[in-house]
Every structure is written in structure tokens, then in C-alpha cells.
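Here is the structure we will look at, set down as C-alpha cells.
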Amino acid sequence: MKFRSIKGTKDILPGESEKWQFVEALIREVMHEANYREIRTPVFEETALFQRSIGELTDIVSKEMYTFRDRSDESVTLKPEGTASVLRAYIQYNLGEQSPLTKLYYIGPMFRQERPQAGRLRQFHQFGAEALGSSSPQLDVEMMLIPLEVCRRLGIGSVTLKVNSVGCEKCRPAYRKRLVQELMAVYDQLSEESKTRVKQNPLRVLDSKDERDRAATRTAPLMKDFLCDECRMHFAEVERLLKETKTPYEIDGRLVRGLDYYTKTAFEITSAALGSQDALAGGGRYDLLVHELGGKPTAGVGFAAGMERLMIILEKLGQSPDPHIRPDLYIAAADNAARRWAFRFAHQLRQKGVAADLDYLGRSLKAQMREANRQNARYVIVIGDKELATGKAKLKKMESGQEEEVLLTDLASKLA
Ligand code: HAM
């Protein structure tokens with residue numbers, strides 16, 4: 001074969017796509033219940049938007065973005081995440097002026113040039129939400145509850161919610177300085193990657209998975225012990241709300257997240273069913289980001305979850321949805337006159353909301369019956385001279401094999 005899909009991309013084929021539709025519909029339901037409205041942003045944006053929001057020194061911006069110059073020599077980037085685009089649109093259309101609190105959600109493709117492996121793709125899909133305009137810790141917890149509710153409805157019980165606070169512009173600089181001092185004391189023991197991070201992005205050293213880093217930073221100071229009063233109270237309220245909603249959680253003082261925009265709350269939802277790429281969802285508060293991108297100072301919080309990872313968990317747990325996609329009626333035609341009639345009749349049935357199909361390959365009646373079986377059609381009718389002359393046919397229910405004579409003019413209402 002000549003053409004293959006690009007490494008790290010996946011086709012969602014029939015059989016799979018129905019499962020996606022089912023899960024997407026469930027996500028929309030959960031979002032609707034929490035009063036989030038859908039936003040659809042373009043697949044590509046000005047490169048600077050992501051550099052500015054996610055941070056120049058993050059892995060995403062420094063090594064994973066699909067960035068290219070278009071034919072007008074503008075630098076554009078396929079979106080590696082949704083938050084930056086949502087905020088760009090929020091600012092561009094003054095959504096904050098229409099209402100002091102804006103709750104938005106999205107489902108769509110994202111692009112990161114990572115090394116592909118199980119649960120890690122170069123084009124993947126996220127569902128996520130952003131709430132703009134309030135600094136209430138209730139919204140931080142709402143952002144955790146939404147993906148957890150999606151999991152609950154899909155029968156996924158085995159997930160872990162990890163929360164942390166990454167502080168704010170008031171308390172983080174002093175902590176950062178302190179952390180760098182400590183990291184410099186163990187510099188030689190760190191992995192090469194962490195060595196480069198010490199100066200640029202020292203907090204990331206703490207969530208390194210490398211054993212050397214783990215060992216060297218065992219006693220390193222954690223942000224959560226250096227929070228200012230405001231951040232500490234905010235985090236305490238988040239914890240109180242989690243307890244109040246009976247939501248199991250763990251505090252993970254090393255949780256930093258791979259994007260630079262977070263302030264205060266940061267969280268992740270992981271699942272052991274995922275293996276090494278165990279993060280199903282991640283999110284947190286970003287109270288400085290709207291202003292940073294040119295809008296009025298506006299508090300914000302959000303999350304995003306990986307659709308492919310959700311599907312992997314469902315598959316592993318044997319919880320994969322089994323949506324019944326099948327024709328209501330298969331029209332088997334005995335000869336050419338019947339075939340012509342069948343095409344017209346299928347058109348009429350479809351206009352009335354009946355899923356009808358027929359044979360387009362000139363196959364024998366026997367082969368048409370086999371096809372109806374393969375398609376798992378609910379009913380079949382066989383049309384020949386007699387049926388066309390009398391306007392009546394035998395409607396066969398495929399499950400039971402039961403047959404019933406019906407007027408063809410009654411068929412649509414009967415099946416609908
Ligand atoms: P993120 O942690 O980078 O956060 O991504 C969220 C989720 O997207 C991950 O937990 C994972 O399930 C999925 N994901 C990320 N990269 C890949 C990949 N290469 N292949 C498959 N799945 C992947 C964000 O994107 C933030 N925008 C979340 C957020 C929204 N924070 C505030 N608002």
C-alpha cells in the first residue's frame with residue numbers, strides 16, 4: 001500500500017466511531033448539567049499565543065509543537081492544548097462583558113510531536129472546560145468533579161485524584177529561590193534533563209520520574225509548605241469542598257504540571273489501567289493568564305482530559321460502550337423493477353426517519369439476505385412482482401424470524 005496514516009495519528013474506524021459518539025454525547029450531557037456552553041476554536045493559531053501562555057521553556061513549546069510558516073510567512077501552530085485558544089476567543093469577543101462568569105467546554109483534536117506510545121499520540125483528542133471570571137475555589141472543585149462524573153457514568157471507578165497548590169506570584173518566587181538553592185546542593189546527582197531545568201524551570205525537577213532525581217530531591221522543600229495566606233486559605237477551602245462532596249483525593253506536593261500558566265490549584269486524575277502514561281486528566285487555576293494574553297485581569301480555572309486514554313480505560317475494564325448502530329429495515333429486491341422501487345422506497349422511509357438500506361451490487365436474493373444479517377438489520381422485506389402488484393409484503397423480524405404481512409404504505413409508520 002502506498003499511503004499510510006502519519007506516525008502518531010489514528011483513524012477512528014466504524015465500530016470505534018460509534019463508541020466515541022456515545023462517550024461524546026455523555027460528556028455533552030455532563031457539561032450541560034453543569035451549565036457549560038460549547039466553544040469550537042480553530043485547529044491552528046498564531047504561534048506566539050502558545051509561547052506566551054504555555055511558556056517558552058515547557059516541553060510542549062520548546063520541543064513538541066507543530067509549528068510552520070504558512071505561504072504568507074506567518075508562523076502558525078497546530079494547537080497543542082485548548083486553554084490558550086479559548087482564552088484568546090474570550091478576550092477577542094469580549095465574552096466577559098456579556099456575563100461576569102463564562103463557563104465554556106470543548107471536545108476536539110490537539111497536536112503534540114511526542115514520541116508515540118500506548119496512550120500517547122501526536123494527534124489526540126481532549127474534552128475540557130474553562131471557567132472565566134471567578135476566583136471561587138468551588139470552581140476549582142467543579143473542574144475536578146466534571147471529569148470524575150464522566151468516569152462514574154462510564155463505570156470507571158478506579159481513578160485517583162491528585163491535588164496540589166503551586167502558589168502565586170506572591171509566594172512562588174521566594175519558594176523557587178529556596179528550591180534552586182537546595183537543587184544546586186545536589187546538582188551532581190540529578191539527571192541531565194533536570195540539570196538543565198534547575199535554572200529554567202526548577203519546579204519541574206520535582207515531578208521527574210527519573211530515580212536519580214527522586215532520590216536527590218527526597219527532602220526538597222515543597223511549594224505547599226511555602227504558600228502565602230491567600231493561597232493557603234484557598235487550598236484549605238478546596239480540600240474542605242472535596243471532603244464535603246465526598247470526593248476521594250490525595251495531596252501530591254510534587255505535582256507541578258507541564259504548563260507554566262498555573263497559579264494556586266493544580267490537579268491530575270490518573271488511572272492505573274493506563275500504564276506509564278497514566279494521566280487521564282489535568283487542570284488547575286490560572287488567574288494571571290487572561291491578563292497575560294492581553295485581556296482584563298480575570299481569574300480562570302479549567303481542566304482537560306484525553307479521549308483516547310478514556311477509551312483505553314473503558315476497553316481494559318471491559319466497559320466499552322456497545323452502541324447498536326444498525327438499519328431498521330433492509331429491502332431485498334428480486335429483480336430490476338423491484339430494485340428501482342426499493343431505491344425510491346428507501347428514500348421515502350429515510351425522509352420519515354427510518355434507517356433503511358438496500359442492495360446496490362445486483363446480488364442474488366440469498367446474498368441480500370446474508371447482507372441483511374451481516375448488517376444486523378432489525379427487519380427485512382423481500383420485494384418482487386407480487387409485492388409490487390398487491391402493495392403488500394412480508395415483514396420479517398430478524399431476531400425472532402417471525403413474519404407478518406403488512407401494507408407497504410403502512411411500513412414507515414410501523415417502523416418509526
Ligand atoms: P495536559 O495535562 O497537557 O493539560 O493534557 C490533558 C490531558 O490530555 C492529559 O491528561 C492526557 O490525558 C491528554 N494528553 C496530553 N497529551 C497527550 C498525547 N500526546 N496523547 C494522548 N493524550 C494526551 C492541558 O492540556 C491543559 N490545557 C489542561 C487545562 C485546561 N488546564 C486548565 N484548563
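Simple scheme: letters A, B, ... for chains in C-alpha cells order, numbers from 1 for residues in each chain, numbers from 1 for ligands in the order shown.
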Report task. Run DSSP on the backbone and give me the residues of stretch 29-249 of chain A it puts in strand (DSSP E or B), as a count of residues only. Result -> 41
Proximity check chain A to ligand 1, 6 Å, nearest pairs one decimal Å, only C-alpha atoms and all ligand atoms, as a tab-separated table:
residue	atom	partner	partner_atom_place_in_ligand_line	distance
A:Glu81	CA	ligand 1	25 (O)	4.4
A:Gly82	CA	ligand 1	27 (N)	5.2
A:Thr83	CA	ligand 1	27 (N)	4.8
A:Arg112	CA	ligand 1	19 (N)	5.7
A:Glu114	CA	ligand 1	19 (N)	6.0
A:Gly119	CA	ligand 1	21 (C)	5.3
A:Arg120	CA	ligand 1	20 (N)	3.5
A:Leu121	CA	ligand 1	20 (N)	3.9
A:Arg122	CA	ligand 1	19 (N)	5.4
A:Phe124	CA	ligand 1	21 (C)	5.0
A:Gln126	CA	ligand 1	8 (O)	5.6
A:Glu130	CA	ligand 1	33 (N)	5.7
A:Ala279	CA	ligand 1	10 (O)	4.4
A:Leu280	CA	ligand 1	12 (O)	3.9
A:Ala281	CA	ligand 1	10 (O)	3.6
A:Gly282	CA	ligand 1	2 (O)	4.4
A:Gly283	CA	ligand 1	31 (N)	3.6
A:Gly284	CA	ligand 1	32 (C)	5.1
A:Val301	CA	ligand 1	32 (C)	5.7
A:Gly302	CA	ligand 1	33 (N)	3.4
A:Phe303	CA	ligand 1	30 (C)	3.6
A:Ala304	CA	ligand 1	28 (C)	4.2
A:Ala305	CA	ligand 1	7 (C)	4.2
A:Gly306	CA	ligand 1	12 (O)	3.3
A:Arg309	CA	ligand 1	12 (O)	5.8
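For the choices A:Phe3, A:Tyr249, A:Tyr379, A:Tyr105, the atom-to-atom distance to A:Val30 is smallest for A:Tyr105 when using only C-alpha atoms.
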Report task. Considering only C-alpha atoms, return as a PyMOL selection string whatever protein or nucleic-acid residues lie within 12 Å of A:Arg69, sequence-local ones (same chain, fewer than 2 positions apart) excluded. Result -> chain A and resi 44-47+66-67+71-78
Report task. Find the residue from A:Ser208, A:Asn336, A:Gln123, A:Thr58 that sits nearest to A:Glu193; use only C-alpha atoms when measuring. Result -> A:Ser208
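For the set A:Ser85, A:Ser134, A:Thr219, A:Thr196, the residue with the smallest atom-to-atom gap to A:Tyr286 is A:Ser134, counting only C-alpha atoms.
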Query raised in the report: Hey, what does DSSP flag as alpha helix (DSSP H) within stretch 137-305 of chain A? Can you give it to me as a PyMOL selection string?
Result: chain A and resi 137-153+172-185+192-200+203-206+211-216+229-244+289-292
Query raised in the report: Any idea what's packed within 12 Å of A:Lys195, counting only C-alpha atoms, ignoring anything in its chain fewer than 4 positions away? Could you give it as an NGL selection string?
Result: :A and (180 or 183-191 or 199-206 or 208 or 212-213 or 216)
Requested in this report: Determine, counting only C-alpha atoms, which protein, DNA and RNA residues have an atom within 10 Å of an atom of A:Ser158; residues of the same chain fewer than 5 positions away are not included. Present the result as a ChimeraX atom specification.
Outcome: /A:151-152,270-273,313,317
Only N, CA, C and O atoms, please: the residues just picked out, written as a compact mmCIF listing (two decimals), in the first residue's frame.
# COMPACT_ATOMS: atom_id res chain seq x y z
N CYS A 151 -16.31 9.78 34.33
CA CYS A 151 -15.79 8.45 34.65
C CYS A 151 -16.85 7.61 35.35
O CYS A 151 -17.08 6.45 35.02
N ARG A 152 -17.51 8.22 36.33
CA ARG A 152 -18.51 7.47 37.12
C ARG A 152 -19.61 6.93 36.20
O ARG A 152 -19.98 5.77 36.26
N THR A 270 -5.42 10.29 37.60
CA THR A 270 -4.65 9.22 36.98
C THR A 270 -5.41 7.91 37.09
O THR A 270 -6.33 7.77 37.90
N SER A 271 -5.00 6.96 36.25
CA SER A 271 -5.62 5.64 36.30
C SER A 271 -4.54 4.58 36.10
O SER A 271 -3.73 4.68 35.17
N ALA A 272 -4.54 3.60 36.98
CA ALA A 272 -3.55 2.52 36.89
C ALA A 272 -3.74 1.72 35.61
O ALA A 272 -2.79 1.13 35.09
N ALA A 273 -4.96 1.74 35.05
CA ALA A 273 -5.24 0.99 33.83
C ALA A 273 -4.47 1.55 32.64
O ALA A 273 -4.41 0.92 31.58
N ILE A 313 -9.05 3.03 28.88
CA ILE A 313 -9.50 2.54 30.19
C ILE A 313 -10.79 1.73 30.02
O ILE A 313 -10.94 0.63 30.58
N LEU A 317 -11.23 -2.19 31.06
CA LEU A 317 -12.16 -2.60 32.10
C LEU A 317 -13.33 -3.41 31.53
O LEU A 317 -14.22 -3.81 32.26
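Residues in contact range of A:Asp357, defined as at most 8 Å between only C-alpha atoms, with sequence neighbours fewer than 2 positions away removed, read Pro327, Leu329, Tyr330, Ile331, Ala346, Ala355 and Asp359 of chain A.
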Could you write out the selected residues, including all heavy atoms, as a JSON list (two decimals), in the first residue's frame?
[["chain", "number", "residue", "atom", "x", "y", "z"],
["A", 327, "PRO", "N", -29.36, -0.87, 10.58],
["A", 327, "PRO", "CA", -30.53, -0.42, 9.84],
["A", 327, "PRO", "C", -31.81, -0.94, 10.48],
["A", 327, "PRO", "O", -31.83, -2.04, 11.02],
["A", 327, "PRO", "CB", -30.36, -1.04, 8.45],
["A", 327, "PRO", "CG", -29.01, -1.66, 8.42],
["A", 327, "PRO", "CD", -28.54, -1.83, 9.82],
["A", 329, "LEU", "N", -34.44, -1.35, 8.57],
["A", 329, "LEU", "CA", -35.02, -2.20, 7.52],
["A", 329, "LEU", "C", -34.03, -2.42, 6.39],
["A", 329, "LEU", "O", -33.40, -1.47, 5.92],
["A", 329, "LEU", "CB", -36.28, -1.52, 6.94],
["A", 329, "LEU", "CG", -36.98, -2.29, 5.82],
["A", 329, "LEU", "CD1", -37.68, -3.53, 6.39],
["A", 329, "LEU", "CD2", -37.97, -1.41, 5.08],
["A", 330, "TYR", "N", -33.93, -3.66, 5.95],
["A", 330, "TYR", "CA", -33.17, -3.96, 4.74],
["A", 330, "TYR", "C", -34.17, -4.40, 3.68],
["A", 330, "TYR", "O", -34.99, -5.29, 3.91],
["A", 330, "TYR", "CB", -32.14, -5.07, 5.00],
["A", 330, "TYR", "CG", -31.13, -5.18, 3.89],
["A", 330, "TYR", "CD1", -29.95, -4.44, 3.90],
["A", 330, "TYR", "CD2", -31.38, -6.02, 2.79],
["A", 330, "TYR", "CE1", -29.04, -4.52, 2.86],
["A", 330, "TYR", "CE2", -30.46, -6.10, 1.75],
["A", 330, "TYR", "CZ", -29.30, -5.35, 1.80],
["A", 330, "TYR", "OH", -28.39, -5.42, 0.77],
["A", 331, "ILE", "N", -34.10, -3.74, 2.52],
["A", 331, "ILE", "CA", -35.06, -4.06, 1.45],
["A", 331, "ILE", "C", -34.35, -4.96, 0.45],
["A", 331, "ILE", "O", -33.42, -4.53, -0.23],
["A", 331, "ILE", "CB", -35.55, -2.78, 0.74],
["A", 331, "ILE", "CG1", -36.03, -1.75, 1.78],
["A", 331, "ILE", "CG2", -36.65, -3.10, -0.26],
["A", 331, "ILE", "CD1", -36.20, -0.35, 1.22],
["A", 346, "ALA", "N", -36.76, 3.43, -0.15],
["A", 346, "ALA", "CA", -35.77, 3.70, 0.90],
["A", 346, "ALA", "C", -35.67, 5.22, 1.12],
["A", 346, "ALA", "O", -35.61, 5.70, 2.26],
["A", 346, "ALA", "CB", -34.41, 3.13, 0.51],
["A", 355, "ALA", "N", -34.23, 4.16, 9.31],
["A", 355, "ALA", "CA", -32.92, 3.83, 8.73],
["A", 355, "ALA", "C", -33.10, 2.63, 7.80],
["A", 355, "ALA", "O", -33.31, 1.51, 8.24],
["A", 355, "ALA", "CB", -31.91, 3.50, 9.82],
["A", 359, "ASP", "N", -29.69, -3.25, -1.55],
["A", 359, "ASP", "CA", -28.52, -3.80, -2.24],
["A", 359, "ASP", "C", -28.21, -2.95, -3.47],
["A", 359, "ASP", "O", -29.09, -2.64, -4.26],
["A", 359, "ASP", "CB", -28.86, -5.23, -2.68],
["A", 359, "ASP", "CG", -27.75, -5.80, -3.54],
["A", 359, "ASP", "OD1", -26.60, -5.81, -3.07],
["A", 359, "ASP", "OD2", -28.04, -6.22, -4.69]]
**Report entry** Spatial neighbours of A:Tyr261, max dist 7 Å, only C-alpha atoms, sep filter under 4 positions, as a list in words
**Finding:** Ser53, Ile54, Tyr286 and Leu289 of chain A
Save the residues we just selected, C-alpha atoms, as a compact mmCIF listing (two decimals), in the first residue's frame?
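Saved as out09.txt:
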# COMPACT_ATOMS: atom_id res chain seq x y z
CA SER A 53 0.56 31.09 27.55
CA ILE A 54 2.08 27.62 27.93
CA TYR A 286 -4.60 30.26 36.02
CA LEU A 289 -3.32 34.17 32.12
Query raised in the report: In Å, with one decimal, what is the gap from atom CA of A:Arg378 to atom CA of A:Asp11?
Result: 28.4 Å
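Across the structure, atom CA of A:Lys352 and atom CA of A:Pro14 are spaced 24.5 Å apart.
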Query raised in the report: atom CA of A:Gly391 and atom CA of A:Glu404 are how many Å apart?
Result: 14.0 Å
Query raised in the report: Which is closer to A:Leu87 than all the others in A:Ser135, A:Thr41, A:Asn373, A:Ser17, using only C-alpha atoms?
Result: A:Thr41
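Distance check against A:Leu388 using only C-alpha atoms: of A:Asp335, A:Glu56, A:Glu315, A:Asp207, the minimum falls on A:Asp335.
Of the listed residues A:Leu148, A:Asp210, A:Ala412, A:Asn164, the one whose atoms come nearest to A:Glu192 is A:Asp210, with distances taken using only C-alpha atoms.
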